[in-house]
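The next block is model14.cif, given as mmCIF, C-alpha atoms.
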data_entry
loop_
_atom_site.group_PDB
_atom_site.id
_atom_site.type_symbol
_atom_site.label_atom_id
_atom_site.label_comp_id
_atom_site.auth_asym_id
_atom_site.auth_seq_id
_atom_site.Cartn_x
_atom_site.Cartn_y
_atom_site.Cartn_z
ATOM 1 C CA MET A 1 5.885 -27.933 -5.975
ATOM 2 C CA PHE A 2 4.431 -24.663 -4.769
ATOM 3 C CA LYS A 3 0.875 -23.708 -5.580
ATOM 4 C CA GLY A 4 1.529 -20.018 -5.066
ATOM 5 C CA MET A 5 -1.499 -18.722 -6.894
ATOM 6 C CA ASN A 6 -3.597 -20.364 -4.161
ATOM 7 C CA VAL A 7 -2.345 -17.772 -1.647
ATOM 8 C CA THR A 8 -5.301 -16.162 0.092
ATOM 9 C CA PRO A 9 -5.907 -12.533 -0.940
ATOM 10 C CA GLU A 10 -5.821 -9.916 1.832
ATOM 11 C CA ASP A 11 -7.053 -6.326 1.863
ATOM 12 C CA ASP A 12 -3.798 -4.872 3.211
ATOM 13 C CA PHE A 13 -0.701 -4.817 0.986
ATOM 14 C CA LEU A 14 1.716 -5.857 3.767
ATOM 15 C CA ASP A 15 -0.584 -8.482 5.299
ATOM 16 C CA SER A 16 -1.026 -10.072 1.869
ATOM 17 C CA ARG A 17 2.694 -10.938 1.680
ATOM 18 C CA LYS A 18 3.233 -14.644 2.324
ATOM 19 C CA ILE A 19 6.854 -15.791 2.647
ATOM 20 C CA LEU A 20 7.491 -19.126 0.891
ATOM 21 C CA LEU A 21 11.292 -19.414 1.076
ATOM 22 C CA MET A 22 13.956 -17.623 3.080
ATOM 23 C CA ASN A 23 17.581 -17.716 4.148
ATOM 24 C CA ASN A 24 19.932 -15.279 5.919
ATOM 25 C CA ASP A 25 19.919 -12.877 2.958
ATOM 26 C CA LEU A 26 16.611 -13.294 1.104
ATOM 27 C CA LYS A 27 12.892 -13.668 1.666
ATOM 28 C CA MET A 28 10.801 -14.804 -1.296
ATOM 29 C CA GLY A 29 7.046 -14.951 -1.399
ATOM 30 C CA LEU A 30 3.806 -13.895 -3.000
ATOM 31 C CA ALA A 31 1.342 -11.117 -2.308
ATOM 32 C CA LYS A 32 -2.281 -10.806 -3.394
ATOM 33 C CA PRO A 33 -3.457 -7.409 -2.151
ATOM 34 C CA ARG A 34 -7.082 -6.465 -2.784
ATOM 35 C CA LYS A 35 -6.832 -2.765 -1.939
ATOM 36 C CA SER A 36 -4.414 0.106 -2.550
ATOM 37 C CA MET A 37 -2.227 1.241 0.321
ATOM 38 C CA ASP A 38 -3.825 4.003 2.394
ATOM 39 C CA TYR A 39 -0.510 4.519 4.197
ATOM 40 C CA PHE A 40 3.156 4.921 3.281
ATOM 41 C CA TYR A 41 5.725 2.131 3.706
ATOM 42 C CA LYS A 42 9.499 2.071 4.116
ATOM 43 C CA ASN A 43 11.662 -1.048 4.297
ATOM 44 C CA ALA A 44 14.722 0.220 6.180
ATOM 45 C CA GLU A 45 16.640 -3.050 6.093
ATOM 46 C CA CYS A 46 16.123 -4.618 2.644
ATOM 47 C CA ASP A 47 16.004 -3.783 -1.038
ATOM 48 C CA GLU A 48 12.738 -5.027 -2.531
ATOM 49 C CA LEU A 49 11.902 -6.480 -5.909
ATOM 50 C CA LEU A 50 8.247 -6.819 -6.881
ATOM 51 C CA TYR A 51 7.488 -8.827 -10.007
ATOM 52 C CA VAL A 52 3.964 -8.167 -11.252
ATOM 53 C CA HIS A 53 2.446 -11.592 -12.041
ATOM 54 C CA ASN A 54 -0.900 -10.023 -12.734
ATOM 55 C CA GLY A 55 -2.485 -6.592 -12.503
ATOM 56 C CA THR A 56 -1.799 -2.919 -13.076
ATOM 57 C CA GLY A 57 -1.207 0.106 -10.884
ATOM 58 C CA ILE A 58 1.108 2.915 -9.847
ATOM 59 C CA LEU A 59 4.133 2.795 -7.556
ATOM 60 C CA LYS A 60 4.348 6.225 -5.900
ATOM 61 C CA THR A 61 7.695 7.338 -4.443
ATOM 62 C CA PHE A 62 9.396 10.593 -3.538
ATOM 63 C CA VAL A 63 11.324 10.463 -6.845
ATOM 64 C CA GLY A 64 8.169 10.133 -8.941
ATOM 65 C CA ASP A 65 5.416 7.774 -10.037
ATOM 66 C CA LEU A 66 5.961 4.547 -11.947
ATOM 67 C CA GLU A 67 3.047 2.865 -13.716
ATOM 68 C CA PHE A 68 3.280 -0.922 -13.815
ATOM 69 C CA VAL A 69 1.580 -3.715 -15.750
ATOM 70 C CA THR A 70 1.758 -7.514 -15.813
ATOM 71 C CA GLY A 71 5.347 -8.661 -16.430
ATOM 72 C CA ASP A 72 7.092 -5.625 -14.915
ATOM 73 C CA TYR A 73 9.854 -5.776 -12.322
ATOM 74 C CA LEU A 74 9.799 -3.005 -9.700
ATOM 75 C CA ILE A 75 13.063 -2.508 -7.807
ATOM 76 C CA ILE A 76 12.689 -0.450 -4.643
ATOM 77 C CA PRO A 77 15.956 0.447 -2.860
ATOM 78 C CA ARG A 78 15.987 0.185 0.931
ATOM 79 C CA GLY A 79 14.902 3.333 2.705
ATOM 80 C CA THR A 80 12.538 4.412 -0.077
ATOM 81 C CA ILE A 81 9.160 5.561 1.197
ATOM 82 C CA TYR A 82 6.487 4.336 -1.184
ATOM 83 C CA GLN A 83 2.814 3.686 -1.737
ATOM 84 C CA VAL A 84 1.158 1.245 -4.165
ATOM 85 C CA GLU A 85 -2.068 2.227 -5.898
ATOM 86 C CA LEU A 86 -3.804 -0.726 -7.551
ATOM 87 C CA LYS A 87 -5.865 -0.283 -10.717
ATOM 88 C CA SER A 88 -7.014 -3.912 -10.993
ATOM 89 C CA ASP A 89 -8.811 -6.291 -8.639
ATOM 90 C CA ASP A 90 -6.688 -9.389 -9.249
ATOM 91 C CA THR A 91 -3.147 -8.127 -8.642
ATOM 92 C CA VAL A 92 -0.487 -10.716 -7.755
ATOM 93 C CA PHE A 93 3.137 -9.878 -6.894
ATOM 94 C CA PHE A 94 6.191 -12.075 -6.519
ATOM 95 C CA VAL A 95 8.009 -10.395 -3.620
ATOM 96 C CA LEU A 96 11.741 -10.568 -2.951
ATOM 97 C CA GLU A 97 13.377 -8.842 0.028
ATOM 98 C CA SER A 98 17.177 -8.780 -0.051
ATOM 99 C CA HIS A 99 19.594 -7.665 2.657
ATOM 100 C CA SER A 100 22.201 -7.382 -0.125
ATOM 101 C CA PRO A 101 21.806 -4.650 -2.760
ATOM 102 C CA ILE A 102 19.850 -5.602 -5.885
ATOM 103 C CA TYR A 103 21.824 -4.695 -9.008
ATOM 104 C CA THR A 104 22.590 -5.952 -12.503
ATOM 105 C CA PRO A 105 25.130 -8.812 -12.346
ATOM 106 C CA LYS A 106 28.669 -7.865 -13.414
ATOM 107 C CA ARG A 107 28.660 -10.508 -16.168
ATOM 108 C CA TYR A 108 26.115 -8.356 -18.045
ATOM 109 C CA ARG A 109 28.081 -5.073 -17.775
ATOM 110 C CA ASN A 110 31.359 -3.857 -19.218
ATOM 111 C CA GLU A 111 34.028 -1.967 -17.248
ATOM 112 C CA PHE A 112 32.134 1.317 -17.776
ATOM 113 C CA GLY A 113 28.809 -0.037 -16.489
ATOM 114 C CA GLN A 114 27.131 -0.332 -19.895
ATOM 115 C CA LEU A 115 25.000 -3.392 -20.579
ATOM 116 C CA LEU A 116 26.586 -5.966 -22.879
ATOM 117 C CA GLU A 117 24.965 -7.425 -25.998
ATOM 118 C CA HIS A 118 24.260 -10.810 -24.379
ATOM 119 C CA SER A 119 22.463 -9.347 -21.342
ATOM 120 C CA PRO A 120 18.797 -10.423 -21.027
ATOM 121 C CA PHE A 121 17.633 -6.786 -21.314
ATOM 122 C CA CYS A 122 18.876 -3.418 -22.576
ATOM 123 C CA GLU A 123 18.845 0.192 -21.385
ATOM 124 C CA ARG A 124 15.550 0.815 -23.211
ATOM 125 C CA ASP A 125 13.881 -1.751 -20.923
ATOM 126 C CA ILE A 126 14.680 0.290 -17.818
ATOM 127 C CA ILE A 127 12.012 2.889 -17.070
ATOM 128 C CA ALA A 128 12.585 5.589 -14.485
ATOM 129 C CA PRO A 129 9.734 7.095 -12.460
ATOM 130 C CA SER A 130 8.060 10.102 -14.044
ATOM 131 C CA PHE A 131 8.464 13.340 -12.127
ATOM 132 C CA LYS A 132 5.421 14.586 -10.314
ATOM 133 C CA GLU A 133 5.140 17.931 -8.592
ATOM 134 C CA PRO A 134 5.493 17.475 -4.819
ATOM 135 C CA VAL A 135 2.348 17.691 -2.730
ATOM 136 C CA ASP A 136 2.894 20.180 0.088
ATOM 137 C CA GLU A 137 0.175 19.205 2.482
ATOM 138 C CA LYS A 138 -0.274 19.456 6.226
ATOM 139 C CA GLY A 139 -2.102 16.709 8.026
ATOM 140 C CA GLU A 140 -1.711 13.338 9.642
ATOM 141 C CA PHE A 141 0.098 10.634 7.651
ATOM 142 C CA LEU A 142 0.658 7.002 8.579
ATOM 143 C CA ILE A 143 4.112 5.629 7.736
ATOM 144 C CA LYS A 144 4.893 1.966 8.400
ATOM 145 C CA VAL A 145 8.617 1.256 8.750
ATOM 146 C CA LYS A 146 10.203 -2.196 8.705
ATOM 147 C CA LYS A 147 13.401 -2.096 10.747
ATOM 148 C CA LYS A 148 15.281 -4.989 12.330
ATOM 149 C CA THR A 149 12.583 -7.437 11.149
ATOM 150 C CA ARG A 150 9.885 -5.545 13.064
ATOM 151 C CA LEU A 151 7.208 -3.327 11.669
ATOM 152 C CA GLN A 152 7.054 0.041 13.379
ATOM 153 C CA ILE A 153 4.158 2.377 12.770
ATOM 154 C CA LEU A 154 4.715 6.111 12.857
ATOM 155 C CA SER A 155 1.974 8.664 12.800
ATOM 156 C CA MET A 156 3.223 12.040 11.701
ATOM 157 C CA GLN A 157 1.109 15.051 12.538
ATOM 158 C CA HIS A 158 1.293 18.458 10.893
ATOM 159 C CA THR A 159 4.381 17.443 8.969
ATOM 160 C CA ARG A 160 5.185 18.268 5.384
ATOM 161 C CA LEU A 161 5.325 15.124 3.370
ATOM 162 C CA MET A 162 6.681 15.631 -0.122
ATOM 163 C CA LEU A 163 5.442 12.680 -2.141
#
Starting from the file, lay out its structure as structure tokens.
Amino acid sequence: MFKGMNVTPEDDFLDSRKILLMNNDLKMGLAKPRKSMDYFYKNAECDELLYVHNGTGILKTFVGDLEFVTGDYLIIPRGTIYQVELKSDDTVFFVLESHSPIYTPKRYRNEFGQLLEHSPFCERDIIAPSFKEPVDEKGEFLIKVKKKTRLQILSMQHTRLML
């Protein structure tokens, strides 16, 4: 029996991730971040799934912003640069990192890719990020990149970052 809600909260989003189970393909754990990310993050080797156990906030990506609430699943494809802005103090995520792509199982789709009637959700449940005008800003931006199970930190100066 895991007592996951007893995971110690951390200020940093990445430091708050605690891996509970893992194999060659998956890492599963919990995260209890106390503060929003003041940097950008990119997982270059895994797709990520964040299930929001508790809390609200905004997932900011280059394709748009996605507001989340308790009970939402956030699927972040590998290579996506993102930032999480928390709107609540008691946010808890179930975190899944997968070396294999995360997609809807074939048993829930027909030959054309449409969801079948017996699938646990429908197309109306899937919410795409809302478009936000790009911010064209010069400055110094911190981007943390996870590649080959190491975290590399890049500091980009005087670069246009469209997010």
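For the residues A:Arg107, A:Lys3, A:Arg78, A:Lys148, ranking by smallest atom-to-atom distance to A:Asp47 using all atoms listed in the file places A:Arg78 first.
Each of A:Ile76, A:Val95, A:Leu20, A:Leu66 was compared to A:Ile127 using all atoms listed in the file, and A:Leu66 turns out to be the nearest.
Distances to A:Met5 were evaluated for A:Val69, A:Leu116, A:Leu96, A:Ala31 using all atoms listed in the file, and the minimum falls at A:Ala31.
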(request) Would you mind listing what lies within 12 Å of A:Cys122 as a ChimeraX atom specification, with only C-alpha atoms counted and same-chain residues fewer than 5 positions away left out? (result) /A:104,108-109,114-117,127
(message) I need the output of the PyMOL selection byres ((chain A and resi 13) around 9) for this file as an NGL selection string; which residues are they?
(response) :A and (10-12 or 14-17 or 31-37 or 84)
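Interatomic distance, atom CA of A:His118 against atom CA of A:Leu50: 24.1 Å.
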(message) Taking only C-alpha atoms into account, name the residue in A:Pro77, A:Gly139, A:Pro120, A:Gly4 that is nearest to A:Ile102.
(response) A:Pro77
(request) Quick one: everything within 7 Å of A:Asp72, counting all atoms listed in the file, minus sequence neighbours fewer than 3 positions away in the same chain. Send it as number ranges by chain. (result) A: 51-52, 68-69
(message) Set the distance at 12 Å and use only C-alpha atoms: which residues neighbour A:Thr80 once local chain neighbours fewer than 2 positions away are removed? I'd like the list as number ranges by chain.
(response) A: 40-48, 59-64, 75-78, 82-83, 143-146, 163
(request) Take the PyMOL selection byres ((chain A and resi 56) around 7), apply it to the structure above, and return the hits as number ranges by chain. (result) A: 55, 57, 68-70, 86-88, 91
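Of the residues under consideration (A:Phe131, A:Phe2, A:Phe121, A:Tyr39), A:Phe131 shows the shortest atom-to-atom contact distance to A:Glu67 when counting all atoms listed in the file.
We find atom CA of A:Val92 and atom CA of A:Val7 to be spaced 9.5 Å apart.
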(message) One decimal, in Å: what's the spacing between atom CA of A:Ser100 and atom CA of A:Asp25?
(response) 6.7 Å
Using the file's own x, y and z axes, so that the box edges lie along x, y and z, what centre and edge lengths in Å (one decimal) does a box around every listed atom of stretch 68-72 of chain A get when 8 Å is added on each side? Give it as lines of an AutoDock Vina configuration file.
center_x = 4.3
center_y = -4.8
center_z = -15.1
size_x = 21.5
size_y = 23.7
size_z = 18.6
